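**Student:** The following file, data_13.tsv, comprises TSV, C-alpha atoms:
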```tsv
chain	number	residue	atom	x	y	z
A	1	MET	CA	73.07	155.41	126.15
A	2	LYS	CA	73.27	153.53	129.47
A	3	LYS	CA	75.06	150.58	127.84
A	4	ALA	CA	77.68	152.86	126.30
A	5	LEU	CA	78.37	154.57	129.62
A	6	ILE	CA	78.70	151.19	131.36
A	7	VAL	CA	81.20	150.00	128.71
A	8	LEU	CA	83.20	153.24	129.05
A	9	ALA	CA	83.20	152.94	132.87
A	10	LEU	CA	84.43	149.32	132.69
A	11	ILE	CA	87.28	150.35	130.38
A	12	VAL	CA	88.32	153.13	132.75
A	13	LEU	CA	88.17	150.79	135.78
A	14	ALA	CA	90.40	148.29	134.00
A	15	VAL	CA	92.94	150.84	132.78
A	16	VAL	CA	93.38	153.25	135.72
A	17	PRO	CA	95.20	150.80	138.08
A	18	VAL	CA	97.68	149.89	135.34
A	19	MET	CA	98.34	153.54	134.54
A	20	ALA	CA	99.07	154.45	138.17
A	21	LYS	CA	102.63	153.14	137.70
A	22	GLU	CA	105.51	155.02	136.03
A	23	GLY	CA	105.35	155.38	132.27
A	24	PHE	CA	101.92	156.98	132.22
A	25	ALA	CA	101.07	159.79	129.80
A	26	ILE	CA	97.90	161.75	129.04
A	27	GLY	CA	97.05	163.97	126.08
A	28	LEU	CA	94.78	164.80	123.18
A	29	GLU	CA	94.20	163.07	119.87
A	30	LEU	CA	92.68	164.75	116.79
A	31	GLY	CA	91.23	162.67	113.97
A	32	GLN	CA	89.38	159.40	114.37
A	33	PRO	CA	88.77	159.31	117.25
A	34	THR	CA	89.12	162.88	118.55
A	35	GLY	CA	89.38	162.81	122.31
A	36	VAL	CA	91.48	162.26	125.40
A	37	THR	CA	94.18	159.60	125.19
A	38	PHE	CA	95.99	157.73	127.95
A	39	ASP	CA	99.31	156.05	127.16
A	40	TYR	CA	101.28	153.52	129.22
A	41	LYS	CA	104.90	152.67	128.34
A	42	ILE	CA	105.35	148.96	129.09
A	43	ASP	CA	109.07	148.84	128.22
A	44	SER	CA	111.49	150.41	125.71
A	45	LYS	CA	109.73	148.74	122.74
A	46	TRP	CA	106.08	148.29	123.77
A	47	ASP	CA	103.36	150.71	124.82
A	48	GLY	CA	99.58	150.59	125.14
A	49	TYR	CA	96.93	153.28	124.87
A	50	VAL	CA	93.26	154.02	125.44
A	51	THR	CA	91.43	156.87	123.72
A	52	ALA	CA	87.97	158.02	124.79
A	53	ALA	CA	86.01	160.43	122.60
A	54	PHE	CA	82.56	161.90	122.27
A	55	GLY	CA	80.74	164.34	120.04
A	56	PHE	CA	77.41	166.13	119.99
A	57	GLY	CA	75.21	167.22	117.12
A	58	SER	CA	72.34	165.79	115.07
A	59	THR	CA	74.10	162.46	115.59
A	60	SER	CA	75.98	162.23	118.89
A	61	TYR	CA	78.58	159.53	119.48
A	62	ILE	CA	80.88	157.89	121.99
A	63	ASP	CA	84.11	156.21	120.82
A	64	ALA	CA	86.53	154.10	122.85
A	65	VAL	CA	89.73	152.66	121.36
A	66	VAL	CA	92.22	150.31	123.05
A	67	GLY	CA	95.51	149.47	121.36
A	68	GLY	CA	99.12	148.54	121.64
A	69	GLN	CA	102.16	149.19	119.50
A	70	TYR	CA	105.73	147.93	119.10
A	71	LYS	CA	108.74	150.07	118.10
A	72	VAL	CA	110.14	148.56	114.89
A	73	THR	CA	112.90	151.04	114.07
A	74	ASP	CA	113.88	154.69	114.27
A	75	PHE	CA	115.38	157.30	111.95
A	76	GLU	CA	116.88	160.77	112.23
A	77	ILE	CA	116.20	164.04	110.45
A	78	GLY	CA	118.96	166.42	111.46
A	79	LYS	CA	119.34	165.92	115.20
A	80	ALA	CA	115.72	164.82	115.72
A	81	GLN	CA	115.07	161.08	116.23
A	82	PHE	CA	111.72	159.59	115.18
A	83	ASP	CA	110.32	156.16	116.13
A	84	VAL	CA	108.41	153.93	113.71
A	85	ASN	CA	105.81	151.68	115.37
A	86	VAL	CA	103.34	148.98	114.31
A	87	GLY	CA	100.42	147.66	116.34
A	88	LEU	CA	96.82	146.66	116.69
A	89	GLN	CA	93.76	148.51	118.00
A	90	ALA	CA	90.15	147.61	118.74
A	91	GLY	CA	87.37	150.09	119.24
A	92	VAL	CA	83.68	150.53	119.88
A	93	ASN	CA	81.50	153.30	118.50
A	94	VAL	CA	77.99	154.15	119.69
A	95	LEU	CA	75.81	156.60	117.71
A	96	PHE	CA	72.78	158.38	119.16
A	97	GLY	CA	70.20	160.74	117.69
A	98	ASP	CA	68.99	160.53	114.08
A	99	SER	CA	70.57	157.08	113.63
A	100	ASN	CA	71.21	154.81	116.62
A	101	ALA	CA	73.94	152.27	115.96
A	102	PHE	CA	76.67	150.24	117.65
A	103	GLY	CA	79.87	149.34	115.84
A	104	ILE	CA	83.12	147.46	116.49
A	105	ALA	CA	86.39	148.01	114.62
A	106	VAL	CA	89.63	146.01	114.58
A	107	ARG	CA	92.57	147.58	112.77
A	108	GLY	CA	96.30	147.22	112.29
A	109	THR	CA	98.22	150.44	112.97
A	110	GLY	CA	101.38	152.19	111.88
A	111	SER	CA	102.74	155.34	113.49
A	112	VAL	CA	105.63	157.76	113.56
A	113	SER	CA	106.40	159.48	116.86
A	114	TYR	CA	108.80	162.11	118.16
A	115	ASP	CA	109.83	162.46	121.83
A	116	TRP	CA	111.27	165.65	123.32
A	117	THR	CA	111.77	167.51	126.59
A	118	TRP	CA	110.58	171.11	126.66
A	119	LYS	CA	112.57	173.33	129.02
A	120	ASP	CA	111.69	172.47	132.62
A	121	VAL	CA	108.06	171.69	131.77
A	122	GLY	CA	108.42	167.96	131.04
A	123	ASP	CA	108.59	165.19	128.46
A	124	PHE	CA	106.23	165.09	125.48
A	125	THR	CA	105.50	162.75	122.56
A	126	ALA	CA	103.85	163.83	119.30
A	127	TYR	CA	102.65	161.18	116.86
A	128	LEU	CA	100.78	160.46	113.66
A	129	ARG	CA	98.95	157.11	113.72
A	130	LEU	CA	97.18	155.52	110.74
A	131	ALA	CA	95.02	152.41	111.02
A	132	LEU	CA	93.52	150.03	108.46
A	133	GLY	CA	91.18	147.12	109.18
A	134	ALA	CA	87.56	146.04	109.35
A	135	ARG	CA	84.53	147.71	110.93
A	136	PHE	CA	81.37	145.84	111.89
A	137	LYS	CA	78.15	147.78	112.39
A	138	VAL	CA	76.32	145.48	114.79
A	139	SER	CA	73.00	147.30	115.35
A	140	GLY	CA	70.90	149.64	113.26
A	141	ASP	CA	71.53	148.76	109.60
A	142	ALA	CA	74.04	145.96	110.24
A	143	GLU	CA	76.95	145.94	107.78
A	144	LEU	CA	80.60	144.96	107.39
A	145	LYS	CA	83.20	147.36	106.01
A	146	PRO	CA	86.27	145.19	105.29
A	147	PHE	CA	88.46	148.23	104.48
A	148	SER	CA	87.90	150.74	107.24
A	149	TRP	CA	90.60	153.27	108.05
A	150	ALA	CA	91.30	155.82	110.75
A	151	GLY	CA	94.00	158.37	111.42
A	152	ALA	CA	94.95	160.57	114.35
A	153	LEU	CA	97.47	163.23	115.25
A	154	GLY	CA	98.25	163.20	118.97
A	155	LEU	CA	100.27	164.83	121.71
A	156	VAL	CA	100.85	163.36	125.18
A	157	TYR	CA	102.55	164.62	128.34
A	158	HIS	CA	104.57	162.03	130.33
A	159	PHE	CA	104.26	161.94	134.13
```
Using structure tokens, write down the structure that the file contains.
**Tutor:**
Amino acid sequence: MKKALIVLALIVLAVVPVMAKEGFAIGLELGQPTGVTFDYKIDSKWDGYVTAAFGFGSTSYIDAVVGGQYKVTDFEIGKAQFDVNVGLQAGVNVLFGDSNAFGIAVRGTGSVSYDWTWKDVGDFTAYLRLALGARFKVSGDAELKPFSWAGALGLVYHF
């Protein structure tokens, strides 16, 4: 448990100074992982993100995912414009409880996102991100899953 908290703290310490600039967004992601996500727009084509998640039950867990994506193209449905992105993400997963384990995943990603401004509230982005790659279970019953997938539906608010 202490190692997982130290890893999570190091990730936060590395990311917070970068996100203090313009282009920062924060929101929620549902899926794998389900948690709080921080997004940083690097330029008009590139952005990076960090998602931190945790869950409690018979097997508790902590997930942390770091990734980046590149806008490949866009398309319109009616007057709404959607972006199509590709990228790469790496994550760590720590399980506690009935089965203690530590895992690492590296996956390629594809996503579709939609940006909009809602009244005078602010700018938002909604997205669907799918990822496919490999997952390595390092401790516990060590194993390699060469075809590991993840998917998340997210919403972020831009500052």
**Student:** List as a tab-separated table every residue of range 28-83 of chain A that is in contact with range 106-113 of chain A, defined as an atom at most 9 Å from one of its atoms (using all atoms listed in the file), together with the nearest atom pair and the distance in Å rounded to one decimal, sorted by chain and then rising number.
**Tutor:**
```
residue	atom	partner	partner_atom	distance
A:Gly67	CA	A:Thr109	CA	8.9
A:Gly68	CA	A:Thr109	CA	8.9
A:Gln69	CA	A:Thr109	CA	7.7
A:Asp74	CA	A:Val112	CA	8.8
A:Gln81	CA	A:Ser113	CA	8.8
A:Phe82	CA	A:Ser113	CA	5.6
A:Asp83	CA	A:Ser113	CA	5.2
```
**Student:** What's around Pro146 in chain A at 9 Å? Count all atoms listed in the file, leave out sequence neighbours fewer than 2 positions away in its own chain, and write the answer as a PDB file with C-alpha atoms, in the frame of the given file.
**Tutor:**
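The new file part.pdb reads:
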```pdb
ATOM      1  CA  GLY A 133      91.180 147.120 109.180  1.00  0.00           C
ATOM      2  CA  ALA A 134      87.560 146.040 109.350  1.00  0.00           C
ATOM      3  CA  ARG A 135      84.530 147.710 110.930  1.00  0.00           C
ATOM      4  CA  PHE A 136      81.370 145.840 111.890  1.00  0.00           C
ATOM      5  CA  LEU A 144      80.600 144.960 107.390  1.00  0.00           C
ATOM      6  CA  SER A 148      87.900 150.740 107.240  1.00  0.00           C
TER       7      SER A 148
END
```
**Student:** So the first atom is CA of Trp116 in chain A and the second is CA of Gly31 in chain A; what is the distance between them in Å, to one decimal place?
**Tutor:**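 Separation of CA of Trp116 in chain A and CA of Gly31 in chain A: 22.3 Å.
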**Student:** Using all atoms listed in the file, pick whichever of A:Ala105, A:Val72, A:Leu95, A:Leu30 has the shortest atom-to-atom distance to Ser60 in chain A.
**Tutor:**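 For Ser60 in chain A, the nearest of the candidates is A:Leu95.
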**Student:** If I take CA of Gly87 in chain A and CA of Val138 in chain A, how far is one from the other in Å, to one decimal?
**Tutor:** 24.2 Å
**Student:** CA of Val36 in chain A and CA of Ile104 in chain A, how far apart in Å?
**Tutor:**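 A separation of 19.2 Å between them.
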**Student:** Counting all atoms listed in the file, which residues in range 79-101 of chain A sit no more than 10 Å from range 51-54 of chain A? For each one, give the nearest pair of atoms and the distance in Å, sorted by chain then residue number, as CSV.
**Tutor:**
```
residue,atom,partner,partner_atom,distance
A:Gly91,CA,A:Thr51,CA,9.1
A:Val92,CA,A:Ala52,CA,9.9
A:Asn93,CA,A:Ala53,CA,9.4
A:Val94,CA,A:Phe54,CA,9.4
A:Leu95,CA,A:Phe54,CA,9.7
```
**Student:** Once you have the residues from the selection above, write them out as an mmCIF file, keeping the file's coordinate frame, restricted to C-alpha atoms.
**Tutor:**
```
data_model
loop_
_atom_site.group_PDB
_atom_site.id
_atom_site.type_symbol
_atom_site.label_atom_id
_atom_site.label_comp_id
_atom_site.auth_asym_id
_atom_site.auth_seq_id
_atom_site.Cartn_x
_atom_site.Cartn_y
_atom_site.Cartn_z
ATOM 1 C CA GLY A 91 87.370 150.090 119.240
ATOM 2 C CA VAL A 92 83.680 150.530 119.880
ATOM 3 C CA ASN A 93 81.500 153.300 118.500
ATOM 4 C CA VAL A 94 77.990 154.150 119.690
ATOM 5 C CA LEU A 95 75.810 156.600 117.710
#
```
**Student:** Set the distance at 6 Å and use only C-alpha atoms: which residues neighbour Ala150 in chain A once local chain neighbours fewer than 6 positions away are removed? I'd like the list as a PyMOL selection string.
**Tutor:** chain A and resi 32+130-131
**Student:** Take the selection from the previous step and output its residues with C-alpha atoms, as an mmCIF file, in the frame of the given file.
**Tutor:**
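Listed below is the output, out_21.cif:
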```
data_model
loop_
_atom_site.group_PDB
_atom_site.id
_atom_site.type_symbol
_atom_site.label_atom_id
_atom_site.label_comp_id
_atom_site.auth_asym_id
_atom_site.auth_seq_id
_atom_site.Cartn_x
_atom_site.Cartn_y
_atom_site.Cartn_z
ATOM 1 C CA GLN A 32 89.380 159.400 114.370
ATOM 2 C CA LEU A 130 97.180 155.520 110.740
ATOM 3 C CA ALA A 131 95.020 152.410 111.020
#
```
**Student:** Rank nothing, just name the residue among A:Leu155, A:Phe75, A:Tyr70, A:Asn85 nearest to Gly35 in chain A, using only C-alpha atoms.
**Tutor:**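 For Gly35 in chain A, the nearest of the candidates is A:Leu155.
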**Student:** Kindly indicate which residue among A:Lys137, A:Asp123, A:Lys79, A:Asp63 lies nearest to Val156 in chain A, using only C-alpha atoms for the distances.
**Tutor:**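 With only C-alpha atoms as the atom set, the closest residue is A:Asp123.
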**Student:** Within 12 Å of Tyr49 in chain A, counting all atoms listed in the file, which residues show up once you throw out same-chain ones fewer than 2 positions away? Write them as a ChimeraX atom specification, please.
**Tutor:** /A:11-12,15-16,18-19,23-29,36-42,46-47,51-52,64-70,87-91,129,154,156
**Student:** With N, CA, C and O atoms as the goal, would you fill in the gaps in range 80-94 of chain A and present it as a compact mmCIF listing (two decimals), in the coordinates of the input?
**Tutor:**
```
# COMPACT_ATOMS: atom_id res chain seq x y z
N ALA A 80 116.98 165.35 115.17
CA ALA A 80 115.72 164.82 115.72
C ALA A 80 115.58 163.33 115.39
O ALA A 80 115.77 162.93 114.25
N GLN A 81 115.25 162.52 116.42
CA GLN A 81 115.07 161.08 116.23
C GLN A 81 113.58 160.74 116.28
O GLN A 81 112.88 161.13 117.21
N PHE A 82 113.11 160.01 115.28
CA PHE A 82 111.72 159.59 115.18
C PHE A 82 111.62 158.08 115.33
O PHE A 82 112.48 157.36 114.82
N ASP A 83 110.58 157.60 115.99
CA ASP A 83 110.32 156.16 116.13
C ASP A 83 109.26 155.73 115.14
O ASP A 83 108.30 156.47 114.88
N VAL A 84 109.41 154.52 114.60
CA VAL A 84 108.41 153.93 113.71
C VAL A 84 107.82 152.73 114.45
O VAL A 84 108.57 151.86 114.92
N ASN A 85 106.49 152.70 114.58
CA ASN A 85 105.81 151.68 115.37
C ASN A 85 104.73 150.98 114.54
O ASN A 85 104.15 151.57 113.64
N VAL A 86 104.47 149.71 114.88
CA VAL A 86 103.34 148.98 114.31
C VAL A 86 102.53 148.41 115.48
O VAL A 86 103.06 148.20 116.56
N GLY A 87 101.24 148.18 115.25
CA GLY A 87 100.42 147.66 116.34
C GLY A 87 99.05 147.23 115.91
O GLY A 87 98.78 147.02 114.72
N LEU A 88 98.19 147.11 116.89
CA LEU A 88 96.82 146.66 116.69
C LEU A 88 95.91 147.46 117.62
O LEU A 88 96.31 147.76 118.76
N GLN A 89 94.72 147.82 117.15
CA GLN A 89 93.76 148.51 118.00
C GLN A 89 92.37 147.95 117.77
O GLN A 89 92.05 147.45 116.69
N ALA A 90 91.55 148.02 118.82
CA ALA A 90 90.15 147.61 118.74
C ALA A 90 89.33 148.74 119.33
O ALA A 90 89.75 149.37 120.30
N GLY A 91 88.18 148.99 118.75
CA GLY A 91 87.37 150.09 119.24
C GLY A 91 85.89 149.81 119.15
O GLY A 91 85.45 148.92 118.42
N VAL A 92 85.14 150.57 119.94
CA VAL A 92 83.68 150.53 119.88
C VAL A 92 83.19 151.93 119.59
O VAL A 92 83.81 152.92 119.99
N ASN A 93 82.08 152.02 118.89
CA ASN A 93 81.50 153.30 118.50
C ASN A 93 79.99 153.19 118.69
O ASN A 93 79.37 152.26 118.18
N VAL A 94 79.43 154.13 119.45
CA VAL A 94 77.99 154.15 119.69
C VAL A 94 77.44 155.47 119.17
O VAL A 94 77.92 156.53 119.55
```
